[in-house]
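Structure file model.cif; described as mmCIF, C-alpha atoms and all ligand atoms.
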data_upload
#
loop_
_atom_site.group_PDB
_atom_site.id
_atom_site.type_symbol
_atom_site.label_atom_id
_atom_site.label_comp_id
_atom_site.auth_asym_id
_atom_site.auth_seq_id
_atom_site.Cartn_x
_atom_site.Cartn_y
_atom_site.Cartn_z
ATOM 1 C CA MET A 71 0.000 0.000 0.000
ATOM 2 C CA SER A 72 1.482 3.364 -0.888
ATOM 3 C CA ALA A 73 1.613 6.075 1.752
ATOM 4 C CA LYS A 74 -1.009 8.777 1.417
ATOM 5 C CA THR A 75 -0.018 10.936 4.352
ATOM 6 C CA VAL A 76 3.565 11.531 5.434
ATOM 7 C CA ALA A 77 4.364 13.645 8.493
ATOM 8 C CA ILE A 78 7.882 14.812 9.360
ATOM 9 C CA ILE A 79 9.473 16.107 12.558
ATOM 10 C CA MET A 80 12.381 18.054 11.059
ATOM 11 C CA ASP A 81 14.796 17.786 13.982
ATOM 12 C CA GLY A 82 18.537 18.284 14.369
ATOM 13 C CA ASN A 83 19.064 21.681 12.716
ATOM 14 C CA GLY A 84 20.703 23.326 15.714
ATOM 15 C CA ARG A 85 23.058 20.459 16.593
ATOM 16 C CA TRP A 86 24.049 20.021 12.943
ATOM 17 C CA ALA A 87 25.024 23.699 12.701
ATOM 18 C CA LYS A 88 26.840 23.803 16.065
ATOM 19 C CA GLN A 89 28.925 20.725 15.205
ATOM 20 C CA ARG A 90 30.130 22.524 12.106
ATOM 21 C CA GLY A 91 31.001 25.745 13.884
ATOM 22 C CA PHE A 92 27.947 27.669 12.649
ATOM 23 C CA LYS A 93 25.249 29.395 14.651
ATOM 24 C CA ARG A 94 22.164 27.226 15.327
ATOM 25 C CA THR A 95 20.142 29.506 13.067
ATOM 26 C CA HIS A 96 22.231 28.468 10.055
ATOM 27 C CA GLY A 97 20.847 24.959 10.562
ATOM 28 C CA HIS A 98 17.297 26.316 10.302
ATOM 29 C CA LYS A 99 18.174 28.160 7.100
ATOM 30 C CA ILE A 100 19.491 24.985 5.472
ATOM 31 C CA GLY A 101 16.546 23.107 7.009
ATOM 32 C CA ALA A 102 14.100 25.324 5.139
ATOM 33 C CA GLU A 103 15.881 24.443 1.880
ATOM 34 C CA VAL A 104 15.554 20.734 2.670
ATOM 35 C CA ALA A 105 11.834 21.248 3.364
ATOM 36 C CA ARG A 106 11.524 22.722 -0.132
ATOM 37 C CA GLU A 107 13.492 19.861 -1.692
ATOM 38 C CA ILE A 108 11.366 17.146 -0.057
ATOM 39 C CA THR A 109 8.157 18.991 -0.946
ATOM 40 C CA THR A 110 9.152 19.278 -4.605
ATOM 41 C CA HIS A 111 10.158 15.627 -4.603
ATOM 42 C CA CYS A 112 6.742 14.588 -3.253
ATOM 43 C CA ALA A 113 5.141 16.571 -6.061
ATOM 44 C CA LYS A 114 7.188 14.579 -8.566
ATOM 45 C CA ARG A 115 6.233 11.229 -6.980
ATOM 46 C CA GLY A 116 2.573 12.053 -7.432
ATOM 47 C CA ASP A 117 1.249 9.330 -5.076
ATOM 48 C CA ILE A 118 1.435 11.246 -1.790
ATOM 49 C CA LYS A 119 -1.713 13.058 -0.779
ATOM 50 C CA ASN A 120 -0.523 14.989 2.263
ATOM 51 C CA LEU A 121 2.898 16.053 3.509
ATOM 52 C CA ILE A 122 2.823 17.560 7.007
ATOM 53 C CA LEU A 123 5.941 19.391 8.189
ATOM 54 C CA TYR A 124 6.457 20.348 11.840
ATOM 55 C CA ALA A 125 7.945 23.821 11.397
ATOM 56 C CA PHE A 126 7.182 25.479 14.759
ATOM 57 C CA SER A 127 5.703 23.935 17.890
ATOM 58 C CA THR A 128 3.687 25.496 20.711
ATOM 59 C CA GLU A 129 6.791 24.858 22.849
ATOM 60 C CA ASN A 130 9.287 26.530 20.480
ATOM 61 C CA TRP A 131 8.415 29.992 21.896
ATOM 62 C CA LYS A 132 10.528 29.019 24.922
ATOM 63 C CA ARG A 133 13.740 29.297 22.867
ATOM 64 C CA PRO A 134 15.952 32.397 23.183
ATOM 65 C CA LYS A 135 14.288 35.461 21.659
ATOM 66 C CA SER A 136 17.014 35.778 19.019
ATOM 67 C CA GLU A 137 16.297 32.246 17.731
ATOM 68 C CA VAL A 138 12.513 32.763 17.785
ATOM 69 C CA ASP A 139 12.944 36.064 15.898
ATOM 70 C CA PHE A 140 15.132 34.314 13.323
ATOM 71 C CA LEU A 141 12.587 31.518 12.870
ATOM 72 C CA MET A 142 9.793 34.075 12.380
ATOM 73 C CA LYS A 143 11.780 35.905 9.694
ATOM 74 C CA LEU A 144 12.711 32.621 8.036
ATOM 75 C CA LEU A 145 9.077 31.510 8.094
ATOM 76 C CA TYR A 146 7.911 34.705 6.387
ATOM 77 C CA LYS A 147 10.665 34.433 3.759
ATOM 78 C CA TYR A 148 9.767 30.781 3.148
ATOM 79 C CA LEU A 149 6.070 31.606 2.788
ATOM 80 C CA LYS A 150 6.914 34.363 0.305
ATOM 81 C CA GLU A 151 9.329 32.291 -1.756
ATOM 82 C CA GLU A 152 7.258 29.118 -1.728
ATOM 83 C CA GLU A 153 4.493 30.729 -3.761
ATOM 84 C CA GLN A 154 6.514 29.769 -6.866
ATOM 85 C CA THR A 155 6.992 26.180 -5.718
ATOM 86 C CA TYR A 156 3.255 25.761 -5.041
ATOM 87 C CA VAL A 157 2.181 27.300 -8.332
ATOM 88 C CA CYS A 158 4.774 25.480 -10.476
ATOM 89 C CA ASN A 159 4.044 22.096 -8.887
ATOM 90 C CA ASN A 160 0.273 22.388 -8.423
ATOM 91 C CA ILE A 161 0.633 22.035 -4.626
ATOM 92 C CA ARG A 162 -2.123 23.047 -2.238
ATOM 93 C CA PHE A 163 -0.845 24.815 0.873
ATOM 94 C CA ARG A 164 -2.456 24.699 4.311
ATOM 95 C CA ALA A 165 -1.275 25.758 7.756
ATOM 96 C CA ILE A 166 -2.263 23.888 10.912
ATOM 97 C CA GLY A 167 -1.880 25.091 14.486
ATOM 98 C CA ASP A 168 -2.978 28.179 16.388
ATOM 99 C CA LEU A 169 -2.058 30.890 13.902
ATOM 100 C CA SER A 170 -3.330 33.751 16.071
ATOM 101 C CA ALA A 171 0.112 33.963 17.747
ATOM 102 C CA PHE A 172 1.833 35.066 14.535
ATOM 103 C CA SER A 173 2.274 38.613 13.267
ATOM 104 C CA LYS A 174 -0.446 40.048 11.017
ATOM 105 C CA LYS A 175 2.062 39.984 8.145
ATOM 106 C CA VAL A 176 2.648 36.232 8.495
ATOM 107 C CA GLN A 177 -1.068 35.518 8.966
ATOM 108 C CA LYS A 178 -1.886 37.513 5.840
ATOM 109 C CA GLN A 179 0.653 35.612 3.730
ATOM 110 C CA ILE A 180 -0.688 32.277 5.039
ATOM 111 C CA LYS A 181 -4.255 33.297 4.065
ATOM 112 C CA HIS A 182 -3.015 34.487 0.683
ATOM 113 C CA LEU A 183 -1.277 31.156 -0.047
ATOM 114 C CA GLU A 184 -4.213 29.091 1.182
ATOM 115 C CA THR A 185 -6.599 31.004 -1.065
ATOM 116 C CA LEU A 186 -4.263 31.024 -4.060
ATOM 117 C CA THR A 187 -3.640 27.266 -3.900
ATOM 118 C CA GLN A 188 -7.032 26.041 -2.680
ATOM 119 C CA HIS A 189 -7.921 24.279 -5.936
ATOM 120 C CA PHE A 190 -4.458 22.855 -6.642
ATOM 121 C CA THR A 191 -4.596 19.083 -6.925
ATOM 122 C CA ASN A 192 -1.158 17.420 -6.891
ATOM 123 C CA PHE A 193 -1.029 17.087 -3.102
ATOM 124 C CA THR A 194 -1.324 19.209 0.015
ATOM 125 C CA GLN A 195 1.644 20.494 1.969
ATOM 126 C CA TYR A 196 0.656 21.300 5.557
ATOM 127 C CA LEU A 197 2.972 23.435 7.650
ATOM 128 C CA ALA A 198 2.440 22.894 11.371
ATOM 129 C CA LEU A 199 2.893 26.356 12.883
ATOM 130 C CA ASN A 200 2.498 27.093 16.580
ATOM 131 C CA TYR A 201 1.217 23.563 16.551
ATOM 132 C CA GLY A 202 0.855 21.152 19.460
ATOM 133 C CA ALA A 203 -1.340 18.056 19.373
ATOM 134 C CA ARG A 204 -2.709 18.713 22.863
ATOM 135 C CA ASP A 205 -3.585 22.274 21.908
ATOM 136 C CA GLU A 206 -5.216 21.021 18.696
ATOM 137 C CA LEU A 207 -7.319 18.521 20.688
ATOM 138 C CA LYS A 208 -8.277 21.183 23.222
ATOM 139 C CA ARG A 209 -9.382 23.531 20.435
ATOM 140 C CA ALA A 210 -11.306 20.674 18.792
ATOM 141 C CA PHE A 211 -13.175 19.843 22.025
ATOM 142 C CA GLU A 212 -14.131 23.502 22.423
ATOM 143 C CA LYS A 213 -15.680 23.532 18.948
ATOM 144 C CA ILE A 214 -17.773 20.382 19.342
ATOM 145 C CA GLU A 215 -21.469 20.964 19.832
ATOM 146 C CA GLY A 216 -23.380 17.960 21.117
ATOM 147 C CA SER A 217 -21.952 14.552 21.814
ATOM 148 C CA ILE A 218 -18.253 13.805 21.854
ATOM 149 C CA ASP A 219 -17.295 10.717 19.909
ATOM 150 C CA GLU A 220 -14.304 9.755 17.762
ATOM 151 C CA GLN A 221 -15.884 11.130 14.602
ATOM 152 C CA SER A 222 -16.773 14.506 16.083
ATOM 153 C CA ILE A 223 -13.284 14.890 17.555
ATOM 154 C CA THR A 224 -11.586 13.943 14.259
ATOM 155 C CA LYS A 225 -13.832 16.308 12.325
ATOM 156 C CA HIS A 226 -12.820 19.318 14.416
ATOM 157 C CA LEU A 227 -9.071 18.761 14.314
ATOM 158 C CA ASP A 228 -6.823 20.965 12.183
ATOM 159 C CA PHE A 229 -5.932 17.858 10.162
ATOM 160 C CA SER A 230 -8.692 15.260 9.995
ATOM 161 C CA GLY A 231 -6.885 12.447 8.160
ATOM 162 C CA GLU A 232 -4.761 9.508 9.317
ATOM 163 C CA VAL A 233 -0.972 9.663 9.265
ATOM 164 C CA ASP A 234 0.540 6.671 7.432
ATOM 165 C CA ILE A 235 4.233 7.475 7.905
ATOM 166 C CA LEU A 236 5.735 9.555 10.688
ATOM 167 C CA ILE A 237 9.412 10.406 10.244
ATOM 168 C CA ARG A 238 11.637 12.039 12.844
ATOM 169 C CA THR A 239 15.155 13.026 11.875
ATOM 170 C CA GLY A 240 17.974 14.072 14.213
ATOM 171 C CA GLY A 241 18.359 10.942 16.336
ATOM 172 C CA GLU A 242 15.763 11.499 19.092
ATOM 173 C CA LYS A 243 12.971 8.961 19.472
ATOM 174 C CA ARG A 244 9.951 10.883 20.644
ATOM 175 C CA LEU A 245 6.766 12.354 19.210
ATOM 176 C CA SER A 246 7.067 15.821 20.755
ATOM 177 C CA ASN A 247 3.336 16.561 20.760
ATOM 178 C CA PHE A 248 2.974 16.079 16.976
ATOM 179 C CA LEU A 249 -0.259 14.696 15.489
ATOM 180 C CA LEU A 250 -0.894 12.362 18.442
ATOM 181 C CA TRP A 251 -4.509 11.540 17.504
ATOM 182 C CA GLN A 252 -3.873 11.154 13.775
ATOM 183 C CA SER A 253 -0.774 8.961 14.256
ATOM 184 C CA ALA A 254 -2.581 6.243 16.243
ATOM 185 C CA TYR A 255 -1.699 3.682 13.549
ATOM 186 C CA ALA A 256 1.181 5.459 11.837
ATOM 187 C CA GLU A 257 4.336 3.573 10.975
ATOM 188 C CA LEU A 258 7.197 5.304 12.778
ATOM 189 C CA PHE A 259 10.617 5.936 11.265
ATOM 190 C CA PHE A 260 13.438 7.444 13.319
ATOM 191 C CA SER A 261 16.515 8.590 11.444
ATOM 192 C CA ASP A 262 19.847 9.614 12.967
ATOM 193 C CA THR A 263 20.442 12.001 10.067
ATOM 194 C CA PRO A 264 20.048 15.649 11.099
ATOM 195 C CA TRP A 265 17.371 17.403 9.043
ATOM 196 C CA PRO A 266 19.818 19.622 7.074
ATOM 197 C CA GLU A 267 21.447 16.437 5.738
ATOM 198 C CA PHE A 268 18.236 14.543 5.076
ATOM 199 C CA GLY A 269 17.637 14.023 1.399
ATOM 200 C CA ILE A 270 15.589 12.365 -1.291
ATOM 201 C CA LYS A 271 17.641 9.154 -1.118
ATOM 202 C CA GLU A 272 16.823 8.553 2.536
ATOM 203 C CA PHE A 273 13.215 9.632 2.057
ATOM 204 C CA GLU A 274 12.877 7.041 -0.701
ATOM 205 C CA LYS A 275 14.452 4.333 1.500
ATOM 206 C CA ILE A 276 11.804 5.031 4.128
ATOM 207 C CA MET A 277 9.032 4.883 1.537
ATOM 208 C CA GLU A 278 10.351 1.525 0.279
ATOM 209 C CA SER A 279 10.590 0.139 3.775
ATOM 210 C CA PHE A 280 7.012 1.292 4.498
ATOM 211 C CA GLU A 281 5.771 -0.662 1.481
ATOM 212 C CA LYS A 282 7.241 -3.815 3.051
ATOM 213 C CA ARG A 283 5.666 -3.328 6.480
ATOM 214 C CA GLU A 284 2.489 -5.219 7.196
ATOM 215 C CA ARG A 285 -0.128 -2.975 8.756
ATOM 216 C CA ARG A 286 -2.818 -4.746 10.734
ATOM 217 C CA PHE A 287 -4.556 -1.831 12.454
ATOM 218 C CA GLY A 288 -5.144 -3.971 15.546
ATOM 219 C CA GLY A 289 -6.479 -6.930 13.571
ATOM 220 C CA LEU A 290 -4.685 -10.152 12.642
HETATM 221 C C1 LIG B 1 14.210 21.416 15.037
HETATM 222 O O1 LIG B 1 15.603 21.615 15.060
HETATM 223 C C2 LIG B 1 13.566 22.292 14.137
HETATM 224 C C3 LIG B 1 12.768 23.350 14.465
HETATM 225 C C4 LIG B 1 12.462 23.809 15.809
HETATM 226 C C5 LIG B 1 12.127 24.131 13.471
HETATM 227 C C6 LIG B 1 12.029 23.480 12.134
HETATM 228 C C7 LIG B 1 12.356 24.517 11.189
HETATM 229 C C8 LIG B 1 12.932 24.311 10.005
HETATM 230 C C9 LIG B 1 13.236 22.992 9.411
HETATM 231 C C10 LIG B 1 13.321 25.476 9.216
HETATM 232 C C11 LIG B 1 12.171 26.299 8.814
HETATM 233 C C12 LIG B 1 11.257 25.539 7.979
HETATM 234 C C13 LIG B 1 10.253 26.104 7.343
HETATM 235 C C14 LIG B 1 9.414 25.234 6.508
HETATM 236 C C15 LIG B 1 9.960 27.539 7.449
HETATM 237 P P1 LIG B 1 16.250 21.967 16.445
HETATM 238 O O2 LIG B 1 16.580 23.397 16.457
HETATM 239 O O3 LIG B 1 15.366 21.486 17.549
HETATM 240 O O4 LIG B 1 17.549 21.106 16.381
HETATM 241 P P2 LIG B 1 18.331 20.524 17.626
HETATM 242 O O5 LIG B 1 17.478 19.403 18.155
HETATM 243 O O6 LIG B 1 19.583 20.045 16.992
HETATM 244 O O7 LIG B 1 18.525 21.629 18.605
#
Let me see the file written as structure tokens.
Amino acid sequence: MSAKTVAIIMDGNGRWAKQRGFKRTHGHKIGAEVAREITTHCAKRGDIKNLILYAFSTENWKRPKSEVDFLMKLLYKYLKEEEQTYVCNNIRFRAIGDLSAFSKKVQKQIKHLETLTQHFTNFTQYLALNYGARDELKRAFEKIEGSIDEQSITKHLDFSGEVDILIRTGGEKRLSNFLLWQSAYAELFFSDTPWPEFGIKEFEKIMESFEKRERRFGGL
């Protein structure tokens, strides 16, 4: 079965940069380029429906102000420059997370891209921005009118699909509050490669290995 939804925790930017004598922020800069490369590659594959990238978590605000400021600038630049990528590759763009925390400028660009790409059909790239799965669930519960069941919860999430493949780069083996509900039956792949060094070759290895895994969804 081919993977329809791939989610990635793009970890290891800071350590990668530090080990090479750069500032941590340089790792994020290269990381944004890798995000573009993987996105364009998914467009070429044509069989992926959703690619969800964890770009900024609800916890990332706790980083030093200089790093948060850099990430905000990088995010805006990425959102500006990606317009080309989305248009050229027929990619629909969506943001998930609590966007109210971002500057008006960033929010406006997100809206612009979502509107511009809403009918694009190759696949959807979701950027998780000020995203935390617990926060997403809390916001979903607040929106539900009437009875709470699995369907009503799923329906009110920022992303209502199932994750097939969850990849985390950078050597750590944890989920860090990413898509906890949607990853209930996801196949997990942990890579020691830091995100700035992650590439198409390794992505393809993971996709191949996924094809070989037998998914039973709790059955036999
Ligand atoms: C984790 O690396 C990464 C982040 C907190 C942010 C992810 C951001 C990018 C990949 C760049 C921006 C991307 C877009 C799409 C705008 P880390 O800093 O936690 O690395 P470390 O674990 O080595 O410290």
So that each row is one residue of chain A with an atom at most 6 Å from ligand LIG 1 (chain B), can you give its shortest atom pair and the distance in Å to one decimal, using all atoms listed in the file, rows by chain and rising number, as a tab-separated table?
residue	atom	partner	partner_atom	distance
A:Met80	CA	B:LIG1	C9	5.3
A:Asp81	CA	B:LIG1	C1	3.8
A:Gly82	CA	B:LIG1	O6	3.3
A:Asn83	CA	B:LIG1	O4	4.0
A:Gly84	CA	B:LIG1	O6	3.7
A:Arg85	CA	B:LIG1	O6	3.5
A:His98	CA	B:LIG1	C10	4.2
A:Lys99	CA	B:LIG1	C10	5.9
A:Gly101	CA	B:LIG1	C9	4.1
A:Ala102	CA	B:LIG1	C12	4.0
A:Ala105	CA	B:LIG1	C14	5.6
A:Ala125	CA	B:LIG1	C6	4.2
A:Phe126	CA	B:LIG1	C5	5.3
A:Leu144	CA	B:LIG1	C15	5.8
A:Leu145	CA	B:LIG1	C15	4.1
A:Tyr148	CA	B:LIG1	C15	5.4
Grab the CA of Leu183 (chain A) to CA of Cys158 (chain A) distance for me, in Å with one decimal place.
13.3 Å
Selection result for the PyMOL selection byres (((chain A and resi 78) around 6) and not hetatm) on this file, as JSON, numbers by chain
{"A": [77, 79, 80, 123, 236, 237, 238]}
Could you check the closest approach to Leu197 (chain A) for each of A:Ser173, A:Ser253, A:Thr224, A:Asn120 and tell me which residue wins, using all atoms listed in the file?
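The answer is A:Asn120, which sits nearest to Leu197 (chain A).
For the residues A:Thr263, A:Ser170, A:Glu129, A:Gly269, ranking by smallest atom-to-atom distance to Ala203 (chain A) using all atoms listed in the file places A:Glu129 first.
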Among the residues A:Leu169, A:Val157, A:Ile122, A:Leu186, the one that comes closest to Leu249 (chain A) [using all atoms listed in the file]:
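Residue with the minimum atom-to-atom distance to Leu249 (chain A): A:Ile122.
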With distances taken over all atoms listed in the file, which of A:Thr95, A:Ser127, A:Asn160, A:Ser279 is nearest to Thr191 (chain A)?
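The answer is A:Asn160, which sits nearest to Thr191 (chain A).
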Near-region 150-155 of chain A list (8 Å; only C-alpha atoms; drop same-chain fewer than 3 positions) as a PyMOL selection string
chain A and resi 106+110+146-147+158-159+161+179+183
Can you pull out every residue within 12 Å of Glu284 (chain A), counting all atoms listed in the file, but drop anything in the same chain fewer than 3 positions away, and send it as an MDAnalysis selection string?
chainID A and resid 71:72 255:257 279:281 287:290
With distances taken over all atoms listed in the file, the candidate from A:Ser246, A:Thr187, A:Thr75, A:Thr109 nearest Ile270 (chain A) is A:Thr109
Kindly resolve the PyMOL selection byres (((chain A and resi 130) around 12) and not hetatm) on the present coordinates and return the residues as a ChimeraX atom specification.
/A:124-129,131-135,137-139,141-142,198-202,246-247
Could you save the residues just selected, with C-alpha atoms, as a PDB file, in the frame of the given file?
ATOM      1  CA  TYR A 124       6.457  20.348  11.840  1.00  0.00           C
ATOM      2  CA  ALA A 125       7.945  23.821  11.397  1.00  0.00           C
ATOM      3  CA  PHE A 126       7.182  25.479  14.759  1.00  0.00           C
ATOM      4  CA  SER A 127       5.703  23.935  17.890  1.00  0.00           C
ATOM      5  CA  THR A 128       3.687  25.496  20.711  1.00  0.00           C
ATOM      6  CA  GLU A 129       6.791  24.858  22.849  1.00  0.00           C
ATOM      7  CA  TRP A 131       8.415  29.992  21.896  1.00  0.00           C
ATOM      8  CA  LYS A 132      10.528  29.019  24.922  1.00  0.00           C
ATOM      9  CA  ARG A 133      13.740  29.297  22.867  1.00  0.00           C
ATOM     10  CA  PRO A 134      15.952  32.397  23.183  1.00  0.00           C
ATOM     11  CA  LYS A 135      14.288  35.461  21.659  1.00  0.00           C
ATOM     12  CA  GLU A 137      16.297  32.246  17.731  1.00  0.00           C
ATOM     13  CA  VAL A 138      12.513  32.763  17.785  1.00  0.00           C
ATOM     14  CA  ASP A 139      12.944  36.064  15.898  1.00  0.00           C
ATOM     15  CA  LEU A 141      12.587  31.518  12.870  1.00  0.00           C
ATOM     16  CA  MET A 142       9.793  34.075  12.380  1.00  0.00           C
ATOM     17  CA  ALA A 198       2.440  22.894  11.371  1.00  0.00           C
ATOM     18  CA  LEU A 199       2.893  26.356  12.883  1.00  0.00           C
ATOM     19  CA  ASN A 200       2.498  27.093  16.580  1.00  0.00           C
ATOM     20  CA  TYR A 201       1.217  23.563  16.551  1.00  0.00           C
ATOM     21  CA  GLY A 202       0.855  21.152  19.460  1.00  0.00           C
ATOM     22  CA  SER A 246       7.067  15.821  20.755  1.00  0.00           C
ATOM     23  CA  ASN A 247       3.336  16.561  20.760  1.00  0.00           C
TER      24      ASN A 247
END
Going by the chain IDs and residue numbers used in this file, which residues fall under the PyMOL selection byres (((chain A and resi 242) around 10) and not hetatm)? Write them as an NGL selection string.
:A and (81-82 or 238-241 or 243-246 or 260-262 or 264)
Would you output that residue set with C-alpha atoms, as a PDB file, in the coordinates of the input?
ATOM      1  CA  ASP A  81      14.796  17.786  13.982  1.00  0.00           C
ATOM      2  CA  GLY A  82      18.537  18.284  14.369  1.00  0.00           C
ATOM      3  CA  ARG A 238      11.637  12.039  12.844  1.00  0.00           C
ATOM      4  CA  THR A 239      15.155  13.026  11.875  1.00  0.00           C
ATOM      5  CA  GLY A 240      17.974  14.072  14.213  1.00  0.00           C
ATOM      6  CA  GLY A 241      18.359  10.942  16.336  1.00  0.00           C
ATOM      7  CA  LYS A 243      12.971   8.961  19.472  1.00  0.00           C
ATOM      8  CA  ARG A 244       9.951  10.883  20.644  1.00  0.00           C
ATOM      9  CA  LEU A 245       6.766  12.354  19.210  1.00  0.00           C
ATOM     10  CA  SER A 246       7.067  15.821  20.755  1.00  0.00           C
ATOM     11  CA  PHE A 260      13.438   7.444  13.319  1.00  0.00           C
ATOM     12  CA  SER A 261      16.515   8.590  11.444  1.00  0.00           C
ATOM     13  CA  ASP A 262      19.847   9.614  12.967  1.00  0.00           C
ATOM     14  CA  PRO A 264      20.048  15.649  11.099  1.00  0.00           C
TER      15      PRO A 264
END
Atom completion result for region 108-123 of chain A (N, CA, C and O atoms) as an mmCIF file, in the frame of the given file:
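Contents of out.cif, as written:
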data_model
loop_
_atom_site.group_PDB
_atom_site.id
_atom_site.type_symbol
_atom_site.label_atom_id
_atom_site.label_comp_id
_atom_site.auth_asym_id
_atom_site.auth_seq_id
_atom_site.Cartn_x
_atom_site.Cartn_y
_atom_site.Cartn_z
ATOM 1 N N ILE A 108 12.229 18.315 -0.301
ATOM 2 C CA ILE A 108 11.366 17.146 -0.057
ATOM 3 C C ILE A 108 9.963 17.415 -0.600
ATOM 4 O O ILE A 108 9.323 16.542 -1.178
ATOM 5 N N THR A 109 9.493 18.634 -0.441
ATOM 6 C CA THR A 109 8.157 18.991 -0.946
ATOM 7 C C THR A 109 8.112 18.843 -2.466
ATOM 8 O O THR A 109 7.175 18.240 -3.015
ATOM 9 N N THR A 110 9.115 19.360 -3.139
ATOM 10 C CA THR A 110 9.152 19.278 -4.605
ATOM 11 C C THR A 110 9.260 17.817 -5.035
ATOM 12 O O THR A 110 8.636 17.400 -6.015
ATOM 13 N N HIS A 111 10.019 17.050 -4.279
ATOM 14 C CA HIS A 111 10.158 15.627 -4.603
ATOM 15 C C HIS A 111 8.810 14.908 -4.478
ATOM 16 O O HIS A 111 8.454 14.084 -5.335
ATOM 17 N N CYS A 112 8.066 15.213 -3.435
ATOM 18 C CA CYS A 112 6.742 14.588 -3.253
ATOM 19 C C CYS A 112 5.823 14.938 -4.422
ATOM 20 O O CYS A 112 5.032 14.115 -4.867
ATOM 21 N N ALA A 113 5.960 16.161 -4.910
ATOM 22 C CA ALA A 113 5.141 16.571 -6.061
ATOM 23 C C ALA A 113 5.489 15.710 -7.276
ATOM 24 O O ALA A 113 4.613 15.316 -8.036
ATOM 25 N N LYS A 114 6.756 15.399 -7.420
ATOM 26 C CA LYS A 114 7.188 14.579 -8.566
ATOM 27 C C LYS A 114 6.705 13.147 -8.428
ATOM 28 O O LYS A 114 6.354 12.506 -9.408
ATOM 29 N N ARG A 115 6.697 12.607 -7.191
ATOM 30 C CA ARG A 115 6.233 11.229 -6.980
ATOM 31 C C ARG A 115 4.778 11.080 -7.402
ATOM 32 O O ARG A 115 4.396 10.096 -8.010
ATOM 33 N N GLY A 116 3.967 12.048 -7.001
ATOM 34 C CA GLY A 116 2.573 12.053 -7.432
ATOM 35 C C GLY A 116 1.631 11.121 -6.677
ATOM 36 O O GLY A 116 0.429 11.182 -6.871
ATOM 37 N N ASP A 117 2.158 10.257 -5.770
ATOM 38 C CA ASP A 117 1.249 9.330 -5.076
ATOM 39 C C ASP A 117 1.040 9.700 -3.609
ATOM 40 O O ASP A 117 0.368 8.999 -2.878
ATOM 41 N N ILE A 118 1.636 10.804 -3.177
ATOM 42 C CA ILE A 118 1.435 11.246 -1.790
ATOM 43 C C ILE A 118 0.318 12.288 -1.782
ATOM 44 O O ILE A 118 0.264 13.159 -2.648
ATOM 45 N N LYS A 119 -0.567 12.139 -0.816
ATOM 46 C CA LYS A 119 -1.713 13.058 -0.779
ATOM 47 C C LYS A 119 -1.445 14.239 0.154
ATOM 48 O O LYS A 119 -1.822 15.370 -0.126
ATOM 49 N N ASN A 120 -0.802 13.941 1.271
ATOM 50 C CA ASN A 120 -0.523 14.989 2.263
ATOM 51 C C ASN A 120 0.894 14.861 2.803
ATOM 52 O O ASN A 120 1.317 13.761 3.160
ATOM 53 N N LEU A 121 1.580 15.996 2.867
ATOM 54 C CA LEU A 121 2.898 16.053 3.509
ATOM 55 C C LEU A 121 2.780 17.086 4.624
ATOM 56 O O LEU A 121 2.459 18.251 4.360
ATOM 57 N N ILE A 122 3.013 16.647 5.867
ATOM 58 C CA ILE A 122 2.823 17.560 7.007
ATOM 59 C C ILE A 122 4.169 17.806 7.672
ATOM 60 O O ILE A 122 4.804 16.869 8.169
ATOM 61 N N LEU A 123 4.618 19.050 7.662
ATOM 62 C CA LEU A 123 5.941 19.391 8.189
ATOM 63 C C LEU A 123 5.807 20.176 9.493
ATOM 64 O O LEU A 123 5.091 21.190 9.547
#
